[in-house]
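Remarks on the structure that follows.
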Amino acid sequence: MNMWTRSELKERGKAALHRNYWIVVLATLVVTALTGGTGNAAGNGSLQEGSNIAAGNGDAASNLIQTLFSFFGIAGDMIYKNLIGPMYNGMYVSFILILIITAFSVGLLFKIFVGNLFEVGGCRFYEENSEHKTRIALIVDGFLNGAYLRNVATIFCRDLYTVLWTLCLIIPGIVKSYEYKMIPYILAENPRISRKRAFEISKNMMDGEKWNAFVLDLSFIGWNLLSTITFGIVGVLYVNPYVNTTWAEFYKVMRENALETGNATREELIGLRKEADI
């Protein structure tokens, strides 16, 4: 099996970022905006925000409204704090709840049928960019790979299972989120793979690696703090692209290990993607 270290993966991630800097920055900005801040660069922030809301002050209705908006990450949090929060008043709670539930439903449908496919396309972009300069157009690959509904269903199930495990307790949800972490990368390589097999391969890839992956995320804390004190500027221009290129390198190592151990075949991963490109 291929051994790896955080420093090696991050060096490779930096190299991939600098090889195609402005295209990677633009691709990350678009994907992050359209996925509601989910994915490797910003997904952990949503979990932290949810924890803060659960522990915060205020009445139940206000907390519910803020929780609904936090689902959409940075954008939803900004809308709540700057628009909904200031106009909130118990007298208007029914109207606001109806408005929020409607907006939430529309946003949820957008995430399921549009945003999640940009996550898959983003993974395809980062995988390709790891090897050579590539086109930003790959971020829409999730819509053009001939398996749109299959990909929608698989990513939806990943999110649903993660939420259900999180409802049990926070820790199982975090563990499962790492178990499922390779799913969008697998779909990016082979969009026609079955949902069951994508989950199986991701689980096998992350077996014994979940803690290491968690520590890899933690290693970016300093960069995330720098992004916070610069109002997100450093995040947009460097941190988020850097995190995503590093995770693409992590996936490549897990892919090679899966192939070597027989947990996945070349036809299930690399082979079908290359065939589809011809």
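Every chain in the structure tokens takes a letter, A first, then B, and so on in the order presented; its residues are numbered from 1, and the ligands are numbered from 1 following the presented order.
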
What's around stretch 119-123 of chain A at 9 Å? Count only C-alpha atoms, leave out sequence neighbours fewer than 3 positions away in its own chain, and write the answer as a ChimeraX atom specification.
/A:27-28,31-32,34-35,38-39,115-116,126-128,136-143,151,155,183-189,244,248

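Within 12 Å of A:Ala153, once only C-alpha atoms are used and residues closer than 6 positions along the same chain are dropped, the contacting residues are Ile112, Phe113, Val114, Asn116, Leu117, Ala147, Asp159, Leu160, Ile183, Pro184, Leu187, Pro191, Arg192, Ile193, Ser194, Arg195, Lys196 and Ala198 of chain A.
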
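In terms of minimum interatomic distance to A:Met3, A:Phe250 ranks closest within A:Tyr161, A:Tyr180, A:Phe250, A:Tyr242, counting only C-alpha atoms.
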
Give me the residues near A:Val25 as a PyMOL selection string, where near means some atom within 7 Å (using only C-alpha atoms) and where sequence neighbours in that chain fewer than 6 positions away do not count.
chain A and resi 236-237+241

Excluding A:Gly235 and residues on its chain fewer than 6 positions from it, collect all residues at most 12 Å away from it, counting only C-alpha atoms, and give them as number ranges by chain.
A: 25, 28-29, 32, 37, 41-42, 220-229, 241-244

Just how far from atom CA of A:Thr261 is atom CA of A:His132, in Å to one decimal?
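Going from atom CA of A:His132 over to atom CA of A:Thr261, I get 26.9 Å.
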
Write out as a list of chain:residue names which residues come within 8 Å of A:Asn263 when counting only C-alpha atoms, dropping same-chain ones fewer than 2 positions away.
A:Ile201, A:Asn204, A:Met205, A:Ala258, A:Leu259, A:Glu260, A:Thr261, A:Thr265

Which residue out of A:Tyr178, A:Phe231, A:Tyr21, A:Trp165 has the minimum interatomic distance to A:Phe214 when only C-alpha atoms are used?
A:Tyr178

Helix (DSSP H, G or I) positions in stretch 142-227 of chain A, given as an MDAnalysis selection string
chainID A and resid 142:144 148:168 170:179 183:189 195:206 210:218 221:227

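Nearest to A:Met206 of all the residues A:Thr102, A:Thr134, A:Ser177, A:Asn190 is A:Ser177, based on only C-alpha atoms.
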
Distance in Å - atom CA of A:Thr246 versus atom CA of A:Glu11:
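Going from atom CA of A:Thr246 over to atom CA of A:Glu11 covers 8.0 Å.
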